[in-house]
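Note sheet for the following structure.
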Amino acid sequence: MKKFNNCRNVIGDLIKKHREEKHYTKTEVSHKLELLGIELDRFELYKIETAKTSVKDFELIGLCIVLDIDFEELKKLVEDAS
């Protein structure tokens, strides 16, 4: 599996931060994603937040919609990581 700075994704912390700011549980995020047609259970969300798994593009888009994450914030995250 490919890694960047020894992580499988760079957005896990951002996802967790936004989820906790909204006081959502992983299960609540999972249910909200399901309404968008994205199946991502709470354990998979845990693996994303802890950078133990990569994130598919449609999962990232769904997470950004559910957690109200702005593209510019994602862009800055990647720029800062490089």
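If you're wondering about the labels, chains in the structure tokens are A, B, ... by order shown, residues count from 1 in each chain, ligands from 1 in order shown.
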
All helix (DSSP H, G or I) residues (DSSP, backbone) inside chain A, as a PyMOL selection string: chain A and resi 12-21+26-35+42-49+57-67+71-81

Compile the contact shell of A:Leu40 as a PDB file with N, CA and C atoms, in the first residue's frame: residues with an atom at most 12 Å away, counting only C-alpha atoms, same-chain residues fewer than 6 positions apart removed.
```pdb
ATOM      1  N   LYS A  26     -18.928   8.489  15.338  1.00  0.00           N
ATOM      2  CA  LYS A  26     -18.571   7.821  14.080  1.00  0.00           C
ATOM      3  C   LYS A  26     -19.805   7.165  13.470  1.00  0.00           C
ATOM      4  N   THR A  27     -20.668   6.636  14.311  1.00  0.00           N
ATOM      5  CA  THR A  27     -21.900   6.008  13.828  1.00  0.00           C
ATOM      6  C   THR A  27     -22.810   7.030  13.153  1.00  0.00           C
ATOM      7  N   GLU A  28     -22.915   8.226  13.726  1.00  0.00           N
ATOM      8  CA  GLU A  28     -23.745   9.267  13.112  1.00  0.00           C
ATOM      9  C   GLU A  28     -23.191   9.665  11.740  1.00  0.00           C
ATOM     10  N   VAL A  29     -21.881   9.801  11.629  1.00  0.00           N
ATOM     11  CA  VAL A  29     -21.276  10.139  10.340  1.00  0.00           C
ATOM     12  C   VAL A  29     -21.546   9.017   9.344  1.00  0.00           C
ATOM     13  N   SER A  30     -21.414   7.795   9.799  1.00  0.00           N
ATOM     14  CA  SER A  30     -21.679   6.645   8.943  1.00  0.00           C
ATOM     15  C   SER A  30     -23.115   6.675   8.404  1.00  0.00           C
ATOM     16  N   HIS A  31     -24.073   6.991   9.260  1.00  0.00           N
ATOM     17  CA  HIS A  31     -25.479   7.071   8.833  1.00  0.00           C
ATOM     18  C   HIS A  31     -25.699   8.213   7.845  1.00  0.00           C
ATOM     19  N   LYS A  32     -25.057   9.351   8.087  1.00  0.00           N
ATOM     20  CA  LYS A  32     -25.193  10.492   7.169  1.00  0.00           C
ATOM     21  C   LYS A  32     -24.586  10.163   5.802  1.00  0.00           C
ATOM     22  N   LEU A  33     -23.475   9.442   5.801  1.00  0.00           N
ATOM     23  CA  LEU A  33     -22.861   9.023   4.537  1.00  0.00           C
ATOM     24  C   LEU A  33     -23.766   8.041   3.796  1.00  0.00           C
ATOM     25  N   GLU A  34     -24.413   7.181   4.546  1.00  0.00           N
ATOM     26  CA  GLU A  34     -25.320   6.202   3.954  1.00  0.00           C
ATOM     27  C   GLU A  34     -26.451   6.894   3.188  1.00  0.00           C
ATOM     28  N   TYR A  46     -12.922   4.969  11.751  1.00  0.00           N
ATOM     29  CA  TYR A  46     -11.829   4.954  12.732  1.00  0.00           C
ATOM     30  C   TYR A  46     -10.488   4.764  12.015  1.00  0.00           C
ATOM     31  N   LYS A  47     -10.442   3.835  11.064  1.00  0.00           N
ATOM     32  CA  LYS A  47      -9.196   3.576  10.334  1.00  0.00           C
ATOM     33  C   LYS A  47      -8.781   4.776   9.485  1.00  0.00           C
ATOM     34  N   ILE A  48      -9.750   5.517   8.969  1.00  0.00           N
ATOM     35  CA  ILE A  48      -9.434   6.741   8.223  1.00  0.00           C
ATOM     36  C   ILE A  48      -8.880   7.793   9.182  1.00  0.00           C
ATOM     37  N   VAL A  55      -8.299   6.696   1.596  1.00  0.00           N
ATOM     38  CA  VAL A  55      -9.654   7.193   1.412  1.00  0.00           C
ATOM     39  C   VAL A  55      -9.946   7.262  -0.078  1.00  0.00           C
ATOM     40  N   LYS A  56     -11.040   6.669  -0.472  1.00  0.00           N
ATOM     41  CA  LYS A  56     -11.447   6.728  -1.881  1.00  0.00           C
ATOM     42  C   LYS A  56     -12.009   8.119  -2.175  1.00  0.00           C
ATOM     43  N   PHE A  58     -14.716   9.168  -3.662  1.00  0.00           N
ATOM     44  CA  PHE A  58     -16.127   9.381  -3.342  1.00  0.00           C
ATOM     45  C   PHE A  58     -16.354   9.430  -1.826  1.00  0.00           C
ATOM     46  N   GLU A  59     -15.530   8.708  -1.064  1.00  0.00           N
ATOM     47  CA  GLU A  59     -15.629   8.780   0.397  1.00  0.00           C
ATOM     48  C   GLU A  59     -15.204  10.166   0.880  1.00  0.00           C
ATOM     49  N   LEU A  60     -14.125  10.673   0.303  1.00  0.00           N
ATOM     50  CA  LEU A  60     -13.635  12.008   0.662  1.00  0.00           C
ATOM     51  C   LEU A  60     -14.684  13.076   0.363  1.00  0.00           C
ATOM     52  N   GLY A  62     -17.937  12.656   0.131  1.00  0.00           N
ATOM     53  CA  GLY A  62     -19.030  12.478   1.088  1.00  0.00           C
ATOM     54  C   GLY A  62     -18.677  13.002   2.465  1.00  0.00           C
ATOM     55  N   LEU A  63     -17.468  12.721   2.935  1.00  0.00           N
ATOM     56  CA  LEU A  63     -17.040  13.208   4.242  1.00  0.00           C
ATOM     57  C   LEU A  63     -16.997  14.734   4.269  1.00  0.00           C
TER      58      LEU A  63
END
```

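Minimum distance to A:Thr53 across A:Leu35, A:Val78, A:Ile11, A:Val66 (counting only C-alpha atoms) occurs at A:Ile11.
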
Shortest interatomic distance to A:Leu67 - which of A:Glu49, A:Glu44, A:Asp80, A:Glu21, counting only C-alpha atoms: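 Checking each candidate against A:Leu67, we get A:Glu21 as the closest.
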
Atom-to-atom span, atom CA of A:Leu74 and atom CA of A:Leu14, Å: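 Between these atoms lies a distance of 8.3 Å.
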
d(atom CA of A:Lys75, atom CA of A:Glu39) in Å: 24.9 Å
